[in-house]
Amino acid sequence: MLIDQYLDAVLMGLLEGLTEFLPVSSTGHLIMLDTFLGFEGPPGKVFEVVIQLGAILAICVVYFARLWKVATGLADDPGARRFVRAVLLAFLPAMVLGAGLHGIIKTLLFNPTVVSVALIVGGVAILVVERFVPVARYHQIESFSAPLALKIGLCQCLALVPGVSRSGASILGALLMGVDRKAAAEFSFFLAVPTMAGATAYDLYKNWGVMNLDDAALIAVGFVTAFIAAALVVKTLVDFVGRYGFTPFGWYRIAIGSGMLAFLYL
């Protein structure tokens, strides 16, 4: 049984890393895989949230040079200060709403039916946005205005519904506001760092008293697997969307959501 749990943790970590930065909803995929596997992880869905830190660490490693340049340029580089301001402002709405609605979301929305419907609706949204996306006016995160960043952050709040996709909501919002695909994808990467770190800290705080060493070991396995898989995805995603756009992910979401509904109800 214990070996099966660790194998399940590897599979879920792999799925998390592969999907966290794609507009397909990593949380939704984890909930669906959990349903298939019958995975019995730590209480309160802590496993599914905390292993996302592995994917976040991948961002910090892959983009270390850029993040270091921003950090060391805060004193005298206006672009670096605008970069940090944009990320923090975009993070703010999700922080406030996520903390306020945490219990409701976990109790009512973390189920495969909600995920499946959200995947389908989000897939249709991607196809529509890609068809009518406006001409890009913003090509660098360092040029984002404060209102633009805040609006993207509000769009990200849609991902409080499992299956919507945090990266998908922020990317589509950015595209609709005139951000080009490369900058939209990269901004969703950097925005994930405070967003998922905050979500993880909050979940650990809420569930710390009911966790044990076995839970920590399972989380560690999922964390490492997610880190490796996410590093591979991040290195290739920007080039992929530059060539093909986000339309393939729209069709994928519709297919996987429809398949899950059929599995649940047919």
# chains A, B, ... in the order shown; residues from 1 in each chain; ligands from 1
>>> residues_around(residues="Ile59 (chain A)", least_positions_apart="2", cutoff="10 Å", atoms="only C-alpha atoms", output="PDB file with C-alpha atoms, in the first residue's frame")
ATOM      1  CA  PHE A  21       2.340  26.450 -16.699  1.00  0.00           C
ATOM      2  CA  LEU A  53       6.037  24.696  -5.166  1.00  0.00           C
ATOM      3  CA  GLY A  54       8.214  22.245  -7.068  1.00  0.00           C
ATOM      4  CA  ALA A  55       6.972  23.774 -10.301  1.00  0.00           C
ATOM      5  CA  ILE A  56       7.497  27.270  -8.890  1.00  0.00           C
ATOM      6  CA  LEU A  57      11.083  26.412  -7.981  1.00  0.00           C
ATOM      7  CA  VAL A  61      15.932  28.101 -11.614  1.00  0.00           C
ATOM      8  CA  VAL A  62      15.187  28.463 -15.331  1.00  0.00           C
ATOM      9  CA  TYR A  63      14.778  32.238 -15.084  1.00  0.00           C
ATOM     10  CA  PHE A  64      17.408  32.779 -12.395  1.00  0.00           C
ATOM     11  CA  LEU A  67      15.199  37.358 -11.714  1.00  0.00           C
ATOM     12  CA  GLU A 186       6.272  34.727 -19.159  1.00  0.00           C
ATOM     13  CA  PHE A 189       5.243  32.206 -14.995  1.00  0.00           C
ATOM     14  CA  PHE A 190       6.445  34.987 -12.718  1.00  0.00           C
ATOM     15  CA  ALA A 192       2.813  32.012 -10.283  1.00  0.00           C
ATOM     16  CA  VAL A 193       5.674  32.495  -7.812  1.00  0.00           C
ATOM     17  CA  PHE A 227      10.204  20.375 -10.304  1.00  0.00           C
ATOM     18  CA  ALA A 230       8.055  21.772 -14.897  1.00  0.00           C
ATOM     19  CA  ALA A 231      11.621  22.750 -15.784  1.00  0.00           C
ATOM     20  CA  VAL A 234       9.014  26.044 -19.075  1.00  0.00           C
ATOM     21  CA  LYS A 235      11.999  25.756 -21.404  1.00  0.00           C
TER      22      LYS A 235
END
>>> atom_distance(atom1="CA of Ala217 (chain A)", atom2="CA of Leu191 (chain A)")
27.7 Å
>>> select_by_dssp(residues="region 127-172 of chain A", states="alpha helix (DSSP H)", output="ChimeraX atom specification")
/A:127-132,146-156,166-172
>>> residues_around(residues="region 116-130 of chain A", least_positions_apart="3", cutoff="9 Å", atoms="only C-alpha atoms", output="number ranges by chain")
A: 23-25, 28, 32, 111-113, 133-134, 161-165, 168-169, 172, 175-176, 245-261
>>> closest_atom_pairs(of="region 142-225 of chain A", to="region 5-10 of chain A", cutoff="10 Å", atoms="only C-alpha atoms", output="tab-separated table")
residue	atom	partner	partner_atom	distance
A:Ala217	CA	A:Tyr6	CA	8.7
A:Leu218	CA	A:Ala9	CA	6.1
A:Ile219	CA	A:Ala9	CA	7.4
A:Ala220	CA	A:Ala9	CA	9.0
A:Val221	CA	A:Val10	CA	6.3
A:Gly222	CA	A:Ala9	CA	5.1
A:Phe223	CA	A:Val10	CA	8.8
A:Val224	CA	A:Val10	CA	8.7
A:Thr225	CA	A:Val10	CA	6.1
>>> residues_around(residues="Leu92 (chain A)", least_positions_apart="2", cutoff="9 Å", atoms="only C-alpha atoms", output="number ranges by chain")
A: 87-90, 94-97, 150, 153-154, 195
>>> write_last_selection(atoms="N, CA and C atoms", output="short mmCIF file (atom, residue, chain, number, x, y, z; two decimals), in the first residue's frame")
data_model
loop_
_atom_site.label_atom_id
_atom_site.label_comp_id
_atom_site.auth_asym_id
_atom_site.auth_seq_id
_atom_site.Cartn_x
_atom_site.Cartn_y
_atom_site.Cartn_z
N VAL A 87 4.08 42.36 -10.96
CA VAL A 87 3.84 41.04 -10.37
C VAL A 87 3.07 41.16 -9.06
N LEU A 88 3.46 42.10 -8.22
CA LEU A 88 2.81 42.25 -6.92
C LEU A 88 1.36 42.72 -7.07
N LEU A 89 1.12 43.66 -7.97
CA LEU A 89 -0.24 44.15 -8.17
C LEU A 89 -1.13 43.05 -8.74
N ALA A 90 -0.60 42.26 -9.67
CA ALA A 90 -1.39 41.18 -10.26
C ALA A 90 -1.66 40.07 -9.24
N ALA A 94 -5.85 37.84 -6.16
CA ALA A 94 -5.94 36.42 -5.83
C ALA A 94 -5.63 36.19 -4.36
N MET A 95 -4.71 36.97 -3.80
CA MET A 95 -4.38 36.82 -2.38
C MET A 95 -5.59 37.13 -1.51
N VAL A 96 -6.27 38.23 -1.83
CA VAL A 96 -7.42 38.65 -1.02
C VAL A 96 -8.59 37.68 -1.17
N LEU A 97 -8.97 37.39 -2.42
CA LEU A 97 -10.11 36.51 -2.65
C LEU A 97 -9.82 35.07 -2.24
N LEU A 150 -2.98 45.04 -12.65
CA LEU A 150 -4.10 44.76 -11.76
C LEU A 150 -5.24 44.06 -12.50
N GLY A 153 -4.39 40.52 -12.93
CA GLY A 153 -4.58 39.85 -11.65
C GLY A 153 -6.03 39.52 -11.37
N LEU A 154 -6.93 40.42 -11.75
CA LEU A 154 -8.35 40.15 -11.59
C LEU A 154 -8.79 38.97 -12.46
N THR A 195 1.82 33.80 -6.12
CA THR A 195 0.47 33.24 -6.01
C THR A 195 0.49 31.85 -5.40
#
>>> closest_residue(among="A:Ile104, A:Ala136, A:Met12, A:Leu160", to="Thr35 (chain A)", atoms="only C-alpha atoms")
A:Met12
>>> atom_distance(atom1="CA of Ala226 (chain A)", atom2="CA of Thr19 (chain A)")
9.5 Å
>>> atom_distance(atom1="CA of Thr236 (chain A)", atom2="CA of Val49 (chain A)")
23.8 Å
>>> closest_residue(among="A:Gly242, A:Phe263, A:Val70, A:Gly103", to="Tyr202 (chain A)", atoms="only C-alpha atoms")
A:Gly103
>>> residues_around(residues="Arg82 (chain A)", least_positions_apart="4", cutoff="9 Å", atoms="only C-alpha atoms", output="MDAnalysis selection string")
chainID A and resid 77:78 86:87 141:146
>>> write_last_selection(atoms="N, CA, C and O atoms", output="PDB file, in the first residue's frame")
ATOM      1  N   ASP A  77      17.141  50.822 -11.548  1.00  0.00           N
ATOM      2  CA  ASP A  77      16.573  50.459 -12.848  1.00  0.00           C
ATOM      3  C   ASP A  77      15.051  50.587 -12.795  1.00  0.00           C
ATOM      4  O   ASP A  77      14.372  49.773 -12.160  1.00  0.00           O
ATOM      5  N   PRO A  78      14.468  51.592 -13.464  1.00  0.00           N
ATOM      6  CA  PRO A  78      13.002  51.753 -13.454  1.00  0.00           C
ATOM      7  C   PRO A  78      12.279  50.535 -14.008  1.00  0.00           C
ATOM      8  O   PRO A  78      11.182  50.184 -13.542  1.00  0.00           O
ATOM      9  N   ALA A  86       4.410  45.172 -11.203  1.00  0.00           N
ATOM     10  CA  ALA A  86       3.408  44.460 -11.996  1.00  0.00           C
ATOM     11  C   ALA A  86       3.071  43.112 -11.376  1.00  0.00           C
ATOM     12  O   ALA A  86       1.895  42.732 -11.268  1.00  0.00           O
ATOM     13  N   VAL A  87       4.083  42.358 -10.962  1.00  0.00           N
ATOM     14  CA  VAL A  87       3.845  41.037 -10.373  1.00  0.00           C
ATOM     15  C   VAL A  87       3.074  41.160  -9.062  1.00  0.00           C
ATOM     16  O   VAL A  87       2.107  40.420  -8.816  1.00  0.00           O
ATOM     17  N   ILE A 141       7.402  42.783 -19.955  1.00  0.00           N
ATOM     18  CA  ILE A 141       6.771  42.956 -18.646  1.00  0.00           C
ATOM     19  C   ILE A 141       7.186  44.277 -18.023  1.00  0.00           C
ATOM     20  O   ILE A 141       6.394  44.929 -17.326  1.00  0.00           O
ATOM     21  N   GLU A 142       8.397  44.690 -18.298  1.00  0.00           N
ATOM     22  CA  GLU A 142       8.905  45.944 -17.733  1.00  0.00           C
ATOM     23  C   GLU A 142       8.134  47.167 -18.216  1.00  0.00           C
ATOM     24  O   GLU A 142       8.273  48.248 -17.633  1.00  0.00           O
ATOM     25  N   SER A 143       7.310  47.006 -19.257  1.00  0.00           N
ATOM     26  CA  SER A 143       6.523  48.134 -19.756  1.00  0.00           C
ATOM     27  C   SER A 143       5.070  48.098 -19.271  1.00  0.00           C
ATOM     28  O   SER A 143       4.292  48.985 -19.608  1.00  0.00           O
ATOM     29  N   PHE A 144       4.706  47.104 -18.456  1.00  0.00           N
ATOM     30  CA  PHE A 144       3.324  46.992 -17.977  1.00  0.00           C
ATOM     31  C   PHE A 144       3.003  48.155 -17.046  1.00  0.00           C
ATOM     32  O   PHE A 144       3.771  48.472 -16.132  1.00  0.00           O
ATOM     33  N   SER A 145       1.843  48.769 -17.269  1.00  0.00           N
ATOM     34  CA  SER A 145       1.375  49.816 -16.356  1.00  0.00           C
ATOM     35  C   SER A 145       0.727  49.165 -15.135  1.00  0.00           C
ATOM     36  O   SER A 145       0.366  47.976 -15.158  1.00  0.00           O
ATOM     37  N   ALA A 146       0.535  49.942 -14.085  1.00  0.00           N
ATOM     38  CA  ALA A 146      -0.110  49.425 -12.877  1.00  0.00           C
ATOM     39  C   ALA A 146      -1.542  48.965 -13.160  1.00  0.00           C
ATOM     40  O   ALA A 146      -1.934  47.861 -12.727  1.00  0.00           O
TER      41      ALA A 146
END
